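Colleague: Below is the file entry22.pdb, with PDB, C-alpha atoms, pLDDT in the B column.
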```pdb
ATOM      1  CA  MET A   1    -140.497  36.698-114.360  1.00 66.00           C
ATOM      2  CA  SER A   2    -140.900  40.093-116.002  1.00 78.00           C
ATOM      3  CA  GLY A   3    -142.483  41.410-112.792  1.00 81.00           C
ATOM      4  CA  VAL A   4    -139.355  40.496-110.858  1.00 83.00           C
ATOM      5  CA  ARG A   5    -137.160  42.131-113.489  1.00 89.00           C
ATOM      6  CA  SER A   6    -139.305  45.256-113.441  1.00 87.00           C
ATOM      7  CA  ASP A   7    -139.134  45.469-109.645  1.00 87.00           C
ATOM      8  CA  LEU A   8    -135.376  44.962-109.713  1.00 89.00           C
ATOM      9  CA  LEU A   9    -134.881  47.680-112.304  1.00 92.00           C
ATOM     10  CA  ARG A  10    -137.051  50.118-110.328  1.00 91.00           C
ATOM     11  CA  PHE A  11    -135.104  49.300-107.148  1.00 92.00           C
ATOM     12  CA  VAL A  12    -131.742  49.823-108.857  1.00 94.00           C
ATOM     13  CA  ALA A  13    -132.939  53.071-110.448  1.00 94.00           C
ATOM     14  CA  VAL A  14    -134.080  54.497-107.107  1.00 93.00           C
ATOM     15  CA  VAL A  15    -130.840  53.457-105.395  1.00 94.00           C
ATOM     16  CA  LEU A  16    -128.721  55.055-108.131  1.00 94.00           C
ATOM     17  CA  VAL A  17    -130.712  58.304-108.042  1.00 94.00           C
ATOM     18  CA  VAL A  18    -130.452  58.579-104.253  1.00 93.00           C
ATOM     19  CA  ASP A  19    -126.732  57.751-104.402  1.00 92.00           C
ATOM     20  CA  ALA A  20    -126.178  60.396-107.077  1.00 93.00           C
ATOM     21  CA  LEU A  21    -127.993  63.031-105.020  1.00 92.00           C
ATOM     22  CA  GLY A  22    -126.002  62.048-101.938  1.00 91.00           C
ATOM     23  CA  LEU A  23    -122.707  62.274-103.788  1.00 90.00           C
ATOM     24  CA  LEU A  24    -123.708  65.658-105.182  1.00 93.00           C
ATOM     25  CA  ALA A  25    -124.443  66.907-101.664  1.00 90.00           C
ATOM     26  CA  TRP A  26    -121.174  65.366-100.483  1.00 89.00           C
ATOM     27  CA  ARG A  27    -119.207  67.244-103.178  1.00 91.00           C
ATOM     28  CA  LEU A  28    -120.838  70.570-102.266  1.00 91.00           C
ATOM     29  CA  LEU A  29    -119.808  70.378 -98.614  1.00 88.00           C
ATOM     30  CA  PRO A  30    -116.391  71.667 -97.556  1.00 89.00           C
ATOM     31  CA  PRO A  31    -113.637  69.055 -97.175  1.00 87.00           C
ATOM     32  CA  ALA A  32    -112.613  67.676 -93.800  1.00 84.00           C
ATOM     33  CA  THR A  33    -115.978  68.211 -92.128  1.00 85.00           C
ATOM     34  CA  ASN A  34    -118.104  65.743 -90.221  1.00 90.00           C
ATOM     35  CA  ALA A  35    -121.084  66.651 -92.389  1.00 88.00           C
ATOM     36  CA  ARG A  36    -119.445  65.007 -95.406  1.00 89.00           C
ATOM     37  CA  THR A  37    -119.051  61.753 -93.507  1.00 88.00           C
ATOM     38  CA  ILE A  38    -122.625  61.882 -92.264  1.00 90.00           C
ATOM     39  CA  VAL A  39    -123.973  62.531 -95.769  1.00 89.00           C
ATOM     40  CA  LEU A  40    -121.873  59.733 -97.257  1.00 87.00           C
ATOM     41  CA  PHE A  41    -122.883  57.092 -94.711  1.00 89.00           C
ATOM     42  CA  GLY A  42    -126.464  58.359 -94.628  1.00 90.00           C
ATOM     43  CA  THR A  43    -126.689  57.902 -98.366  1.00 90.00           C
ATOM     44  CA  LEU A  44    -125.350  54.356 -98.085  1.00 88.00           C
ATOM     45  CA  LEU A  45    -128.066  53.547 -95.565  1.00 91.00           C
ATOM     46  CA  ALA A  46    -130.927  55.535 -97.072  1.00 91.00           C
ATOM     47  CA  ALA A  47    -130.587  54.510-100.723  1.00 92.00           C
ATOM     48  CA  PRO A  48    -131.440  50.802-100.336  1.00 92.00           C
ATOM     49  CA  LEU A  49    -134.147  51.579 -97.777  1.00 92.00           C
ATOM     50  CA  LEU A  50    -135.854  54.093-100.051  1.00 91.00           C
ATOM     51  CA  GLY A  51    -135.516  51.735-103.008  1.00 91.00           C
ATOM     52  CA  PHE A  52    -137.103  48.908-101.052  1.00 91.00           C
ATOM     53  CA  LEU A  53    -139.940  51.103 -99.806  1.00 90.00           C
ATOM     54  CA  TYR A  54    -140.611  52.534-103.258  1.00 89.00           C
ATOM     55  CA  VAL A  55    -140.805  49.110-104.883  1.00 88.00           C
ATOM     56  CA  TYR A  56    -142.470  46.960-102.216  1.00 84.00           C
ATOM     57  CA  ALA A  57    -144.526  49.287 -99.980  1.00 83.00           C
ATOM     58  CA  PRO A  58    -147.351  49.614-102.542  1.00 78.00           C
ATOM     59  CA  ALA A  59    -147.595  45.810-102.761  1.00 73.00           C
ATOM     60  CA  VAL A  60    -147.889  45.453 -98.987  1.00 74.00           C
ATOM     61  CA  SER A  61    -150.547  48.113 -98.589  1.00 71.00           C
ATOM     62  CA  GLY A  62    -152.692  46.524-101.299  1.00 64.00           C
ATOM     63  CA  PRO A  63    -155.794  47.990-102.889  1.00 66.00           C
ATOM     64  CA  ARG A  64    -158.171  49.872-100.638  1.00 57.00           C
ATOM     65  CA  PRO A  65    -161.911  49.185-100.839  1.00 60.00           C
TER      66      PRO A  65
END
```
Just give me the structure as structure tokens.
Modeller:
Amino acid sequence: MSGVRSDLLRFVAVVLVVDALGLLAWRLLPPATNARTIVLFGTLLAAPLLGFLYVYAPAVSGPRP
């Protein structure tokens, strides 16, 4: 059970870091531009994907001989 908790915490940490970076980039862009919308929605899509890949991609690849 601790492995599941550890994976969940790593996933949540990666998602929060990516979201924070996306919101920082969003704040730096000028208001009323399409780039802000793209960054905001891109962050919403990219954060869970990167979190999933960071946590579970090493388990799928497995050890190499």
Colleague: How many Å lie between atom CA of Arg27 of chain A and atom CA of Leu44 of chain A, rounded to one decimal?
Modeller: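 Between these atoms lies a distance of 15.2 Å.
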Colleague: Restricting the calculation to only C-alpha atoms, which member of A:Leu9, A:Arg36, A:Ser61, A:Val15 is positioned closest to Pro48 of chain A?
Modeller: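 Between A:Leu9, A:Arg36, A:Ser61, A:Val15, the residue approaching Pro48 of chain A most closely is A:Val15.
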Colleague: Can you work out which one of A:Phe11, A:Asp19, A:Val39, A:Ala32 has the shortest atom-to-atom distance to Ala57 of chain A, counting all atoms listed in the file?
Modeller: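 Closest candidate: A:Phe11.
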Colleague: Let me make sure I understand: among A:Tyr54, A:Val18, A:Ala59, A:Ala13, which one has the smallest atom-to-atom distance to Leu40 of chain A if we use only C-alpha atoms?
Modeller: A:Val18
Colleague: Within 12 Å of Val17 of chain A, counting only C-alpha atoms, which residues qualify if same-chain residues fewer than 3 places away don't, as number ranges by chain?
Modeller: A: 10-14, 20-24, 43-44, 46-48, 50-51
